[in-house]
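Visitor: Below you will find the structure I want to go over with you.
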Amino acid sequence: MSAFWLKIVASDHVFYNGHCSYLVVPAPDGEMGIMPHHEAMILAVQEGNLRFKVPEETEWHQAIVGRGILQVANNRVTMIVDTAERPEDIDEVRAREALERAQEQLRQKQSLREFKMSQASMARALTRLKGSHLKELK
């Protein structure tokens, strides 16, 4: 089976570094699928659910990722994101508290910069909450 090299780097750790046969990335205009020998490109990564298949394995690996950037070149994919975590590692209580804080901040009178930061916090918390439910589906 054909494969490519995938490296996913979060701000504080390397999430994955190895072979991959198929990758689905959350992009601003929907999901983007990447297969071996994909054309060279650079893609913005949106908060959301990332899925990838490792050769010789039947199950998909999943991750909840933050915003970032992805580069495809020479049958290698390098992805740099704010955060990357497995659905089973998400603390649902903390994610719910972060969502409540973000919602409260949005109700406050804020500068445009603070408003955008609150929106980003809320999007991150919602993505983590959705991701925490993925572990229940397995």
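Labels for the structure tokens follow display order: chains A, B, ..., residues from 1 in each chain, ligands from 1.
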Where in region 29-107 of chain A does DSSP assign helix (DSSP H, G or I), given as a VMD selection string?

Guide: chain A and resid 87 to 89 92 to 107

Visitor: The selected residues should be written to file as a short mmCIF file (atom, residue, chain, number, x, y, z; two decimals), in the first residue's frame (atoms: C-alpha atoms).

Guide:
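Everything below was put into out.cif:
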```
data_model
loop_
_atom_site.label_atom_id
_atom_site.label_comp_id
_atom_site.auth_asym_id
_atom_site.auth_seq_id
_atom_site.Cartn_x
_atom_site.Cartn_y
_atom_site.Cartn_z
CA PRO A 87 -10.54 12.70 22.05
CA GLU A 88 -10.04 10.44 25.09
CA ASP A 89 -7.59 12.95 26.60
CA GLU A 92 -15.10 17.54 29.29
CA VAL A 93 -15.63 19.48 32.54
CA ARG A 94 -12.71 21.82 31.81
CA ALA A 95 -13.90 22.29 28.22
CA ARG A 96 -17.41 23.16 29.42
CA GLU A 97 -15.98 25.67 31.96
CA ALA A 98 -13.85 27.26 29.21
CA LEU A 99 -16.96 27.59 27.03
CA GLU A 100 -18.86 29.29 29.85
CA ARG A 101 -15.96 31.72 30.44
CA ALA A 102 -15.81 32.56 26.74
CA GLN A 103 -19.57 33.11 26.58
CA GLU A 104 -19.38 35.42 29.62
CA GLN A 105 -16.51 37.38 28.04
CA LEU A 106 -18.54 37.84 24.86
CA ARG A 107 -21.34 39.41 26.92
#
```

Visitor: Considering only C-alpha atoms, return as a ChimeraX atom specification whatever protein or nucleic-acid residues lie within 7 Å of region 61-73 of chain A, sequence-local ones (same chain, fewer than 3 positions apart) excluded.

Guide: /A:40-53,76-87,124,128,131

Visitor: Have a look at CA of Ser2 (chain A) and CA of Pro55 (chain A) and let me know their distance in Å, one decimal.

Guide: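 Separation of CA of Ser2 (chain A) and CA of Pro55 (chain A): 8.0 Å.
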
Visitor: According to DSSP computed on the backbone, where in chain A is there strand (DSSP E)? Give the residues as a PyMOL selection string.

Guide: chain A and resi 4-9+14-20+22-27+30-34+41-45+48-53+60-65+68-73+76-81+84-85

Visitor: Kindly give the distance, in Å, that separates CA of Val54 (chain A) and CA of Leu6 (chain A), rounded to a single decimal.

Guide: 9.7 Å

Visitor: Record the distance separating CA of Ala3 (chain A) and CA of Ala27 (chain A), expressed in Å with one decimal.

Guide: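 These atoms are spaced 21.7 Å apart.
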
Visitor: Smallest atom-to-atom distance to Tyr22 (chain A): which of A:His37, A:Val9, A:Ser111, A:Asp91, using only C-alpha atoms?

Guide: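 Distance minimum relative to Tyr22 (chain A) lands on A:His37.
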